[in-house]
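Asks: Shown below is the structure under consideration.
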Amino acid sequence: MVVQSPHSLQSSVPTPNNGTKRVQILVKENGSAVTDNVAGQRRASARLQAAKQKAEMELLAKRKLELLNEDVGRSTKKVNVDAEKLTPKLQHAQTVIQQLPEISSLPADPKINKKVAKMVERAAKIAEGLDGTNAPNVAEKSAHMKVKETIRLFNKHYLHFVQEEEKRCGAAKVDKKALKAKKKANRGSVSEADVKAKAKRPDLKAISKMMERNEVLYPEKRIGSIPGIDVGHRFYSRAEMVAVGFHSHWLNGIDYMGQSYKKGEYEHYIFPLAVAIVLSGMYEDDLDNAEDVVYTGQGGHDLTGNKRQIRDQVLERGNLALKNCVDLGVTVRVVRGHECANSYSGKVYTYDGLYKVVHYWAEKGISGFTVFKYRLRRLEGQPTLTTSQVHFTYGRVPQCPSEIRGLVCEDISGGQEVVPIPATNLVDDPPVAPTGYQYSKSMKFARNIKLPANAAGCDCKGLCWDPKTCACARLNGSDFPYVHRDGGRLIEAKHVVFECGPKCGCDPSCVNRTSQRGLKYRLEVFRTPKKGWAVRSWDFIPAGAPVCEYIGVLTRTEELDNVSENNYIFDIDCLQTMRGLGGRERRQLDASLPMIQNMDKIDEQRSDSVPEFCIDAASIGNVARFINHSCEPNLFIQCVLSAHQDIKLARVMLFAADSIPPLQELTYDYGYALDSVHGPDGKVKKMACYCGAEGCRKRLF
């Protein structure tokens with residue numbers, strides 16, 4: 001793990017607009033570098049001092065703003081618009097403006113007026129999108145990030161419909177019991193059709209919803225590569241391809257442009273014209289030699305799944321589109337499907353690059369029916385084929401400790417976790433293990449910390465399944481935040497998740513206790529050349545699945561005033577994130593917010609942007625202390641309340657933002673804005689970021 005600055009929750013929803021938190025290397029006064037903080041040693045800090053200075057500045061600004069005249073007041077009013085109609089950037093600007101106090105009739109100081117007027121003018125420019133100094137916050141998202149966010153949106157819709165299906169199935173079970181009783185009373189005169197309903201596919205409903213809302217990333221079909229989707233990109237369903245506009249149909253193997261595209265740059269093309277194909281073994285006549293492919297046209301095969309041809313194919317639609325690619329020399333995108341137990345679709349689809357359709361012909365197939373064949377040849381100069389690498393990546397996951405290369409510790413948890421966490425080091429010579437801390441799977445508490453009493457729970461028995469009767473579900477906006485699928489997945493990031501607690505009547509297996517079950521995936525701590533220690537999973541992690549909790553010593557932030565800076569602090573700033581303070585990015589409004597304790601209790605004598613509590617993982621912590629920063633992360637932070645309902649003492653959970661393949665490093669965005677952290681000398685830290693993301697902000701501080 002690399003040396004890190006204090007964490008916070010403001011980066012809960014991964015976004016390139018968030019800043020970063022972790023220092024990748026330390027810089028000595030003479031300019032030399034220290035690459036890691038393996039022992040978790042402390043160093044001189046001005047973190048809390050800077051926070052106090054910021055608080056004092058905010059209070060001073062409030063006093064100064066009281067001296068504004070009415071003209072400045074009118075300037076602020078012009079940009080006070082309806083937040084629901086604003087983009088996130090405009091919402092942030094509005095939040096800043098709305099926090100300005102009302103103007104009093106006190107005599108105005110010309111110097112103060114001038115400074116504050118500039119502040120208001122800048123706020124107005126932000127609202128109008130004219131503020132060039134705010135460029136880092138409004139920078140165009142990378143193409144890869146757009147693809148990620150679109151698939152995340154698809155997953156959110158998908159899980160919402162999964163929840164609907166789970167409710168339908170739960171209700172059907174209840175109705176089935178009632179049906180049996182009714183049958184018995186009426187001597188079998190009631191049909192089961194009265195209670196059965198046709199199952200709906202959540203993935204297809206999700207893409208239909210995205211189409212209705214114009215949320216498909218690239219709705220217009222295009223020839224050639226798709227921005228943000230590189231060779232080797234993995235889709236975990238055909239629906240994901242549709243969501244980003246990579247392949248527009250969830251079933252057909254050939255995606256093509258119709259006559260409606262005969263305009264503009266495509267005016268002189270012959271249509272239909274193929275743009276992408278999926279090789280997934282659907283036809284008995286397919287021949288795939290990686291670089292050279294013989295592809296069978298569409299139509300005429302048995303849809304029951306036995307792959308046999310039952311009628312002749314016709315040269316129309318997709319078949320004609322591939323034939324026209326031969327005539328025009330147009331390339332097509334090729335995707336290969338493989339069996340995958342981790343995907344809900346049962347397959348994983350890998351993009352293998354652009355191919356040229358060089359020849360086509362018709363022949364009698366294996367079953368005696370006419371089929372069209374197309375020979376495709378991969379274009380030169382593209383990255384190495386990755387379809388075989390899908391199997392290789394899954395295959396090289398160790399099955400036992402003896403197979404682990406560079407093993408320096410078989411289990412850093414010392415047997416505390418149900419799943420051992422090995423540590424590997426192929427970087428250092430001699431290799432060393434992570435030291436300088438004590439592993440703990442549960443939160444520890446400072447002497448002056450007293451947790452609130454356990455909150456009243458629900459009266460559910462067995463499993464909570466009816467949100468109308470479950471008290472905990474009502475706290476979450478009258479619905480459960482999780483679905484049962486894959487052992488429990490969070491549908492979407494929220495300000496706070498209310499889980500069932502000690503006083504609830506439900507079982508430990510209740511879906512609303514998903515984050516309380518400990519580690520589920522096989523994690524590994526490994527050494528990196530530039531970032532120190534890092535974490536990856538040997539297992540596939542589906543989007544929305546809980547990965548781990550951030551564990552350490554829960555303490556008051558102010559207790560760290562008189563000690564050197566601790567590089568493993570996580571500020572519990574859920575409350576500040578809800579209010580969008582300090583540049584934090586707010587989430588969607590939750591129906592449960594009025595239920596949160598301390599939401600409206602504001603201490604006027606201290607800054608609201610300074611969290612009251614934090615988690616110190618320097619000397620005591622778990623695997624989460626080794627997880628690195630990324631400007632485009634695959635994890636997000638979620639605030640969770642279970643035993644009590646004090647938001648300032650919420651549990652900090654890490655969830656999967658994306659579907660994460662095995663051996664991909666786990667990361668989250670630390671959320672500190674550029675130039676926001678100062679060193680012991682008061683100067684801004686300027687250091688490199690080694691996350692490697694396309695949208696990397698280049699330096700942490």
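Each chain in the structure tokens gets a letter, A, B, ..., in the order shown, and its residues are numbered from 1; ligands are numbered from 1 in order too.
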Can you list, as a list in words, all residues belonging to stretch 192-285 of chain A that DSSP tags as strand (DSSP E)?

Replies: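 For stretch 192-285 of chain A, the strand (DSSP E) set is Arg234, Phe235, Ile254, Asp255, Tyr256, Met257, Leu273, Ala274, Val275, Ala276, Ile277, Val278 and Leu279 of chain A.
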
Asks: Find the residues around A:Ile223 up to 8 Å (only C-alpha atoms counted), leave out those fewer than 3 positions away in its own chain, and share them as a PyMOL selection string.

Replies: chain A and resi 275+330-332

Asks: With C-alpha atoms retained, export the selected residues as a compact mmCIF listing (two decimals), in the first residue's frame.

Replies:
# COMPACT_ATOMS: atom_id res chain seq x y z
CA VAL A 275 -21.06 -3.27 -38.24
CA VAL A 330 -15.95 -2.37 -44.73
CA THR A 331 -14.64 -3.80 -41.46
CA VAL A 332 -16.80 -5.26 -38.69

Asks: Quick one: residues within 12 Å of A:Tyr261, only C-alpha atoms counted, chain neighbours fewer than 5 positions away excluded, as a PyMOL selection string?

Replies: chain A and resi 220-223+256+266-274

Asks: Show which residues sit within 7 Å of stretch 486-490 of chain A, as a list in words. Count only C-alpha atoms, and ignore same-chain residues fewer than 3 positions away.

Replies: Pro481, Tyr482, Val483, Val511, Thr514, Gly544 and Ala545 of chain A

Asks: Name the residues of stretch 403-606 of chain A that fall into helix (DSSP H, G or I) according to DSSP on the backbone, using the chain letters and numbers of this document, as a ChimeraX atom specification.

Replies: /A:403,471-475,485-487,511-516,557-560,574-579,581-583,593-595

Asks: Any chance you could export the current selection's N, CA, C and O atoms as a compact mmCIF listing (two decimals), in the first residue's frame?

Replies:
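This went into again.txt:
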# COMPACT_ATOMS: atom_id res chain seq x y z
N GLU A 403 0.82 -22.80 -4.82
CA GLU A 403 0.84 -22.32 -6.21
C GLU A 403 1.06 -20.81 -6.30
O GLU A 403 1.16 -20.27 -7.39
N ALA A 471 -40.02 -2.53 9.13
CA ALA A 471 -39.67 -1.19 9.61
C ALA A 471 -38.34 -0.72 9.04
O ALA A 471 -38.17 0.47 8.77
N CYS A 472 -37.39 -1.62 8.85
CA CYS A 472 -36.07 -1.24 8.30
C CYS A 472 -36.19 -0.83 6.83
O CYS A 472 -35.49 0.07 6.36
N ALA A 473 -37.08 -1.51 6.10
CA ALA A 473 -37.29 -1.16 4.70
C ALA A 473 -37.88 0.25 4.60
O ALA A 473 -37.53 1.01 3.69
N ARG A 474 -38.75 0.61 5.54
CA ARG A 474 -39.34 1.95 5.52
C ARG A 474 -38.27 3.02 5.72
O ARG A 474 -38.36 4.11 5.15
N LEU A 475 -37.24 2.71 6.49
CA LEU A 475 -36.13 3.66 6.67
C LEU A 475 -35.37 3.89 5.37
O LEU A 475 -34.77 4.94 5.17
N ARG A 485 -29.80 -11.69 -5.31
CA ARG A 485 -28.94 -12.30 -6.32
C ARG A 485 -27.46 -12.21 -5.94
O ARG A 485 -27.00 -11.21 -5.42
N ASP A 486 -26.72 -13.30 -6.21
CA ASP A 486 -25.27 -13.37 -5.96
C ASP A 486 -24.92 -13.14 -4.50
O ASP A 486 -23.87 -12.59 -4.17
N GLY A 487 -25.81 -13.54 -3.60
CA GLY A 487 -25.52 -13.42 -2.18
C GLY A 487 -25.76 -12.04 -1.62
O GLY A 487 -25.37 -11.76 -0.48
N VAL A 511 -31.57 -10.57 3.65
CA VAL A 511 -30.89 -9.80 2.61
C VAL A 511 -30.51 -8.42 3.09
O VAL A 511 -29.54 -7.82 2.61
N ASN A 512 -31.24 -7.90 4.08
CA ASN A 512 -30.94 -6.56 4.58
C ASN A 512 -29.84 -6.57 5.64
O ASN A 512 -29.70 -5.63 6.42
N ARG A 513 -29.07 -7.64 5.67
CA ARG A 513 -27.86 -7.72 6.50
C ARG A 513 -26.64 -8.02 5.63
O ARG A 513 -25.63 -8.53 6.12
N THR A 514 -26.75 -7.73 4.35
CA THR A 514 -25.74 -8.13 3.37
C THR A 514 -24.33 -7.72 3.75
O THR A 514 -23.38 -8.51 3.60
N SER A 515 -24.13 -6.49 4.23
CA SER A 515 -22.76 -6.01 4.49
C SER A 515 -22.20 -6.53 5.81
O SER A 515 -21.04 -6.28 6.13
N GLN A 516 -22.99 -7.28 6.59
CA GLN A 516 -22.56 -7.73 7.92
C GLN A 516 -21.97 -9.14 7.90
O GLN A 516 -21.62 -9.68 8.95
N THR A 557 -12.14 13.15 15.67
CA THR A 557 -11.19 13.82 14.80
C THR A 557 -10.30 14.78 15.59
O THR A 557 -9.10 14.87 15.33
N GLU A 558 -10.87 15.46 16.55
CA GLU A 558 -10.12 16.46 17.31
C GLU A 558 -9.03 15.83 18.17
O GLU A 558 -8.09 16.51 18.57
N GLU A 559 -9.13 14.53 18.44
CA GLU A 559 -8.12 13.87 19.24
C GLU A 559 -6.79 13.77 18.51
O GLU A 559 -5.77 13.48 19.10
N LEU A 560 -6.82 13.98 17.20
CA LEU A 560 -5.60 13.88 16.41
C LEU A 560 -4.88 15.22 16.30
O LEU A 560 -3.87 15.32 15.62
N CYS A 574 -20.09 11.30 6.15
CA CYS A 574 -21.38 11.04 5.49
C CYS A 574 -22.29 12.26 5.54
O CYS A 574 -22.93 12.63 4.55
N LEU A 575 -22.37 12.88 6.71
CA LEU A 575 -23.25 14.03 6.90
C LEU A 575 -22.84 15.17 5.99
O LEU A 575 -23.67 15.85 5.38
N GLN A 576 -21.52 15.40 5.87
CA GLN A 576 -21.02 16.48 5.02
C GLN A 576 -21.29 16.19 3.54
O GLN A 576 -21.60 17.09 2.76
N THR A 577 -21.19 14.91 3.17
CA THR A 577 -21.46 14.54 1.78
C THR A 577 -22.94 14.75 1.44
O THR A 577 -23.28 15.21 0.35
N MET A 578 -23.82 14.44 2.40
CA MET A 578 -25.25 14.64 2.17
C MET A 578 -25.57 16.10 1.90
O MET A 578 -26.45 16.41 1.09
N ARG A 579 -24.85 16.98 2.58
CA ARG A 579 -25.10 18.41 2.42
C ARG A 579 -24.31 19.02 1.28
O ARG A 579 -24.47 20.20 0.96
N LEU A 581 -21.11 19.68 1.28
CA LEU A 581 -20.18 20.67 1.83
C LEU A 581 -18.76 20.39 1.38
O LEU A 581 -18.37 19.25 1.11
N GLY A 582 -17.94 21.44 1.33
CA GLY A 582 -16.53 21.29 1.00
C GLY A 582 -16.28 20.73 -0.38
O GLY A 582 -15.29 20.06 -0.62
N GLY A 583 -17.19 20.99 -1.33
CA GLY A 583 -17.01 20.49 -2.68
C GLY A 583 -17.41 19.04 -2.86
O GLY A 583 -17.20 18.45 -3.92
N LEU A 593 -33.91 10.26 4.56
CA LEU A 593 -33.10 11.30 5.19
C LEU A 593 -33.73 11.92 6.42
O LEU A 593 -33.04 12.20 7.39
N PRO A 594 -35.05 12.18 6.45
CA PRO A 594 -35.62 12.77 7.67
C PRO A 594 -35.47 11.89 8.90
O PRO A 594 -35.58 12.36 10.02
N MET A 595 -35.20 10.59 8.71
CA MET A 595 -35.07 9.68 9.82
C MET A 595 -33.68 9.70 10.43
O MET A 595 -33.45 9.13 11.50

Asks: So which residues touch stretch 156-161 of chain A within 10 Å, counting only C-alpha atoms, skipping near sequence neighbours fewer than 3 positions away, as a ChimeraX atom specification?

Replies: /A:150-153,164-167,200-210,239,481-485,489-493,543-544

Asks: What lies within 10 Å of stretch 378-386 of chain A using only C-alpha atoms, ignoring chain neighbours under 6 positions off, as a list in words?

Replies: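 These residues fall inside the cut-off: Asp230, Val231, Gly232, His233, Arg234, Ala290, Glu291, Asp292, Val293, Thr331, Val332, Arg333, Val334, Arg336, Thr350, Tyr351, Asp352, Gly353, Leu354, Tyr355, Lys356, Val357, Phe392 and Thr393 of chain A.
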
Asks: Pick from A:Glu265, A:Ile226, A:Ile254, A:Thr555: nearest to A:Arg447, with only C-alpha atoms counted?

Replies: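 Under the stated criterion, the closest residue is A:Thr555.
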
Asks: Which of these residues is nearest to A:Asp312, using only C-alpha atoms: A:Ile615, A:Thr370, A:Ala276, A:Cys325?

Replies: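 Between A:Ile615, A:Thr370, A:Ala276, A:Cys325, the residue approaching A:Asp312 most closely is A:Thr370.
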
Asks: Any idea what the distance is between atom CA of A:Lys441 and atom CA of A:Glu549?

Replies: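 Taking atom CA of A:Lys441 and atom CA of A:Glu549, their separation equals 8.7 Å.
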
Asks: Set the distance at 12 Å and use only C-alpha atoms: which residues neighbour A:Leu654 once local chain neighbours fewer than 2 positions away are removed? I'd like the list as a PyMOL selection string.

Replies: chain A and resi 9+11-14+490+493+515+518-519+543-551+623-625+627+633-640+651-652+656-657+666-669

Asks: Counting only C-alpha atoms, which residue out of A:Ala243, A:Cys691, A:Leu451, A:Ile569 sits closest to A:Lys531?

Replies: A:Cys691
